[in-house]
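Chemist: Let me begin by handing over the structure; questions about it come next.
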Amino acid sequence: QVQLVESGGGLVQAGGSLRLTCAASGSTSSVNVMGWYRQAPGKQRELVANINRSGTTTYADSVKGRFTISRDNAENTVFLQMNSLKSEDTAVYYCHGLTLTFYNYWGQGTQVTVSS
C-alpha cells in the first residue's frame with residue numbers, strides 16, 4: 001500500500017504562484033510514475049503533469065511553460081511549481097502514483113483557487 005498526502009493548495013490571485021507538494025509513504029519502491037491531476041467543477045479529471053523515476057516528464061499543453069514538476073526520489077516526494085496562474089487553473093489537484101504493475105494510488109486532493 002502507498003499513501004499520498006498533498007499540501008500547498010490555497011487561494012492566489014491571477015498571475016501568482018503556488019507550489020504543491022505530495023509526500024508518499026508505505027511501499028514507495030513500487031511507484032514508478034508520480035504526478036498531478038486536477039478536476040474542476042463539472043469537468044473530468046485531467047492530467048496536469050507527471051514524472052517517472054528517471055526524471056522524464058509529461059505536461060498538459062495548457063500548463064506547458066508555466067508549471068514545473070520535480071521529484072525527490074530519496075524523500076519520495078513530488079512537487080508542482082505553478083507560475084503565472086490563471087482562473088482556469090482553479091480545481092482540486094490530486095497527487096497520483098502509478099506502480100510498475102499499473103496500480104493507481106490517489107491522494108485526497110488539495111484545492112487551488114485562482115481569483116481574477
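All residue names refer to the C-alpha cells as shown: chains lettered A, B, ... in order, residues numbered from 1 in each chain, ligands numbered from 1 in order.
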So which residues touch Ser17 in chain A within 12 Å, counting only C-alpha atoms, skipping near sequence neighbours fewer than 2 positions away, as a list in words?
Modeler: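 Listed by chain and then number, they are Gly8, Gly9, Gly10, Leu11, Val12, Gln13, Ala14, Gly15, Arg19, Leu20, Arg66, Phe67, Thr68, Leu80, Gln81, Met82, Asn83, Ser84, Leu85, Lys86, Asp89, Val112, Thr113, Val114 and Ser115 of chain A.
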Chemist: Just to be explicit: take each residue in the selection above, keep N, CA and C atoms, and write the result as a JSON list (two decimals), in the first residue's frame.
Modeler:
[["chain", "number", "residue", "atom", "x", "y", "z"],
["A", 8, "GLY", "N", -0.09, 22.45, 0.13],
["A", 8, "GLY", "CA", 0.35, 23.62, -0.64],
["A", 8, "GLY", "C", -0.73, 24.32, -1.43],
["A", 9, "GLY", "N", -1.95, 23.80, -1.43],
["A", 9, "GLY", "CA", -3.01, 24.48, -2.15],
["A", 9, "GLY", "C", -3.43, 25.76, -1.44],
["A", 10, "GLY", "N", -4.31, 26.51, -2.08],
["A", 10, "GLY", "CA", -4.79, 27.73, -1.45],
["A", 10, "GLY", "C", -5.38, 28.68, -2.46],
["A", 11, "LEU", "N", -5.54, 29.92, -2.02],
["A", 11, "LEU", "CA", -6.12, 30.98, -2.84],
["A", 11, "LEU", "C", -5.01, 31.91, -3.29],
["A", 12, "VAL", "N", -4.97, 32.21, -4.57],
["A", 12, "VAL", "CA", -3.95, 33.09, -5.11],
["A", 12, "VAL", "C", -4.57, 33.95, -6.21],
["A", 13, "GLN", "N", -4.03, 35.14, -6.40],
["A", 13, "GLN", "CA", -4.51, 36.00, -7.47],
["A", 13, "GLN", "C", -3.94, 35.55, -8.82],
["A", 14, "ALA", "N", -4.66, 35.86, -9.86],
["A", 14, "ALA", "CA", -4.17, 35.54, -11.21],
["A", 14, "ALA", "C", -2.79, 36.16, -11.42],
["A", 15, "GLY", "N", -1.92, 35.37, -12.03],
["A", 15, "GLY", "CA", -0.54, 35.79, -12.22],
["A", 15, "GLY", "C", 0.40, 35.37, -11.12],
["A", 19, "ARG", "N", 3.10, 26.36, -4.89],
["A", 19, "ARG", "CA", 3.88, 25.14, -5.00],
["A", 19, "ARG", "C", 3.16, 24.03, -4.26],
["A", 20, "LEU", "N", 2.81, 22.99, -4.97],
["A", 20, "LEU", "CA", 2.18, 21.82, -4.37],
["A", 20, "LEU", "C", 3.24, 20.77, -4.05],
["A", 66, "ARG", "N", 4.46, 27.09, -17.82],
["A", 66, "ARG", "CA", 4.03, 27.75, -16.59],
["A", 66, "ARG", "C", 4.23, 26.87, -15.36],
["A", 67, "PHE", "N", 4.04, 25.58, -15.51],
["A", 67, "PHE", "CA", 4.16, 24.63, -14.40],
["A", 67, "PHE", "C", 5.42, 23.79, -14.57],
["A", 68, "THR", "N", 6.03, 23.44, -13.45],
["A", 68, "THR", "CA", 7.20, 22.57, -13.47],
["A", 68, "THR", "C", 7.03, 21.48, -12.42],
["A", 80, "LEU", "N", 4.98, 20.35, -7.55],
["A", 80, "LEU", "CA", 4.45, 21.03, -8.72],
["A", 80, "LEU", "C", 4.55, 22.53, -8.48],
["A", 81, "GLN", "N", 5.47, 23.16, -9.18],
["A", 81, "GLN", "CA", 5.61, 24.61, -9.10],
["A", 81, "GLN", "C", 4.71, 25.21, -10.17],
["A", 82, "MET", "N", 3.76, 26.03, -9.73],
["A", 82, "MET", "CA", 2.78, 26.62, -10.63],
["A", 82, "MET", "C", 2.98, 28.13, -10.66],
["A", 83, "ASN", "N", 3.36, 28.64, -11.82],
["A", 83, "ASN", "CA", 3.56, 30.07, -12.00],
["A", 83, "ASN", "C", 2.56, 30.62, -13.00],
["A", 84, "SER", "N", 2.43, 31.92, -13.01],
["A", 84, "SER", "CA", 1.51, 32.60, -13.95],
["A", 84, "SER", "C", 0.13, 31.95, -13.94],
["A", 85, "LEU", "N", -0.38, 31.76, -12.74],
["A", 85, "LEU", "CA", -1.66, 31.06, -12.59],
["A", 85, "LEU", "C", -2.80, 31.85, -13.22],
["A", 86, "LYS", "N", -3.75, 31.10, -13.79],
["A", 86, "LYS", "CA", -4.92, 31.68, -14.43],
["A", 86, "LYS", "C", -6.17, 31.18, -13.72],
["A", 89, "ASP", "N", -7.08, 27.60, -14.00],
["A", 89, "ASP", "CA", -6.32, 26.60, -13.25],
["A", 89, "ASP", "C", -7.03, 26.22, -11.95],
["A", 112, "VAL", "N", -7.03, 24.40, -5.24],
["A", 112, "VAL", "CA", -6.32, 25.57, -5.75],
["A", 112, "VAL", "C", -7.36, 26.50, -6.36],
["A", 113, "THR", "N", -7.42, 27.72, -5.86],
["A", 113, "THR", "CA", -8.37, 28.70, -6.35],
["A", 113, "THR", "C", -7.60, 29.93, -6.82],
["A", 114, "VAL", "N", -7.82, 30.31, -8.07],
["A", 114, "VAL", "CA", -7.14, 31.48, -8.65],
["A", 114, "VAL", "C", -8.21, 32.53, -8.90],
["A", 115, "SER", "N", -8.06, 33.66, -8.24],
["A", 115, "SER", "CA", -9.02, 34.75, -8.38],
["A", 115, "SER", "C", -8.56, 35.70, -9.48]]
Chemist: Return as a PyMOL selection string the full set of residues in range 5-116 of chain A whose backbone-based DSSP assignment is strand (DSSP E).
Modeler: chain A and resi 5-7+10-13+18-26+31-39+46-51+57-59+67-72+77-82+91-99+104-106+110-115
Chemist: Skip Gly109 in chain A itself and residues of its chain fewer than 4 positions away, then list as a ChimeraX atom specification all residues within 8 Å of it, counting only C-alpha atoms.
Modeler: /A:6,92-95
Chemist: Pick out the closest residue to Arg45 in chain A from this set: A:Gln3, A:Tyr103, A:Ala91, A:Leu18. Count only C-alpha atoms.
Modeler: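 Between A:Gln3, A:Tyr103, A:Ala91, A:Leu18, the residue approaching Arg45 in chain A most closely is A:Ala91.
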Chemist: Using only C-alpha atoms, which of the listed residues (A:Ser30, A:Val78, A:Gly97, A:Phe102) sits closest to Ser7 in chain A?
Modeler: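 Of A:Ser30, A:Val78, A:Gly97, A:Phe102, the one nearest Ser7 in chain A, counting only C-alpha atoms, is A:Val78.
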Chemist: Between CA of Ser70 in chain A and CA of Ser116 in chain A, what distance in Å does the model show, to one decimal?
Modeler: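 Atom-to-atom, CA of Ser70 in chain A and CA of Ser116 in chain A are spaced 27.3 Å apart.
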Chemist: List the neighbours of Tyr59 in chain A out to 12 Å using only C-alpha atoms; skip same-chain residues closer than 4 positions along the sequence, and give me the result as a ChimeraX atom specification.
Modeler: /A:35-37,46-51,63-70,80
Chemist: Tell me which protein, DNA and RNA residues are within 9 Å of Leu100 in chain A, counting only C-alpha atoms, leaving out same-chain ones fewer than 4 positions away, and put them as a PDB file with N, CA and C atoms, in the first residue's frame.
Modeler:
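Heads up, here's the output in part_9.pdb:
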ATOM      1  N   SER A  30       7.538   0.627  -5.091  1.00  0.00           N
ATOM      2  CA  SER A  30       6.722   0.088  -6.184  1.00  0.00           C
ATOM      3  C   SER A  30       6.205   1.171  -7.123  1.00  0.00           C
ATOM      4  N   VAL A  31       6.354   2.422  -6.709  1.00  0.00           N
ATOM      5  CA  VAL A  31       5.800   3.519  -7.512  1.00  0.00           C
ATOM      6  C   VAL A  31       6.818   3.977  -8.545  1.00  0.00           C
ATOM      7  N   ASN A  32       6.431   3.954  -9.810  1.00  0.00           N
ATOM      8  CA  ASN A  32       7.309   4.397 -10.885  1.00  0.00           C
ATOM      9  C   ASN A  32       7.006   5.837 -11.277  1.00  0.00           C
ATOM     10  N   VAL A  33       5.775   6.088 -11.654  1.00  0.00           N
ATOM     11  CA  VAL A  33       5.384   7.423 -12.101  1.00  0.00           C
ATOM     12  C   VAL A  33       4.600   8.128 -10.997  1.00  0.00           C
TER      13      VAL A  33
END
Chemist: Quick one: of A:Phe79, A:Gln1, A:Thr110, A:Gly26, who's nearest to Gln39 in chain A, counting only C-alpha atoms?
Modeler: A:Thr110
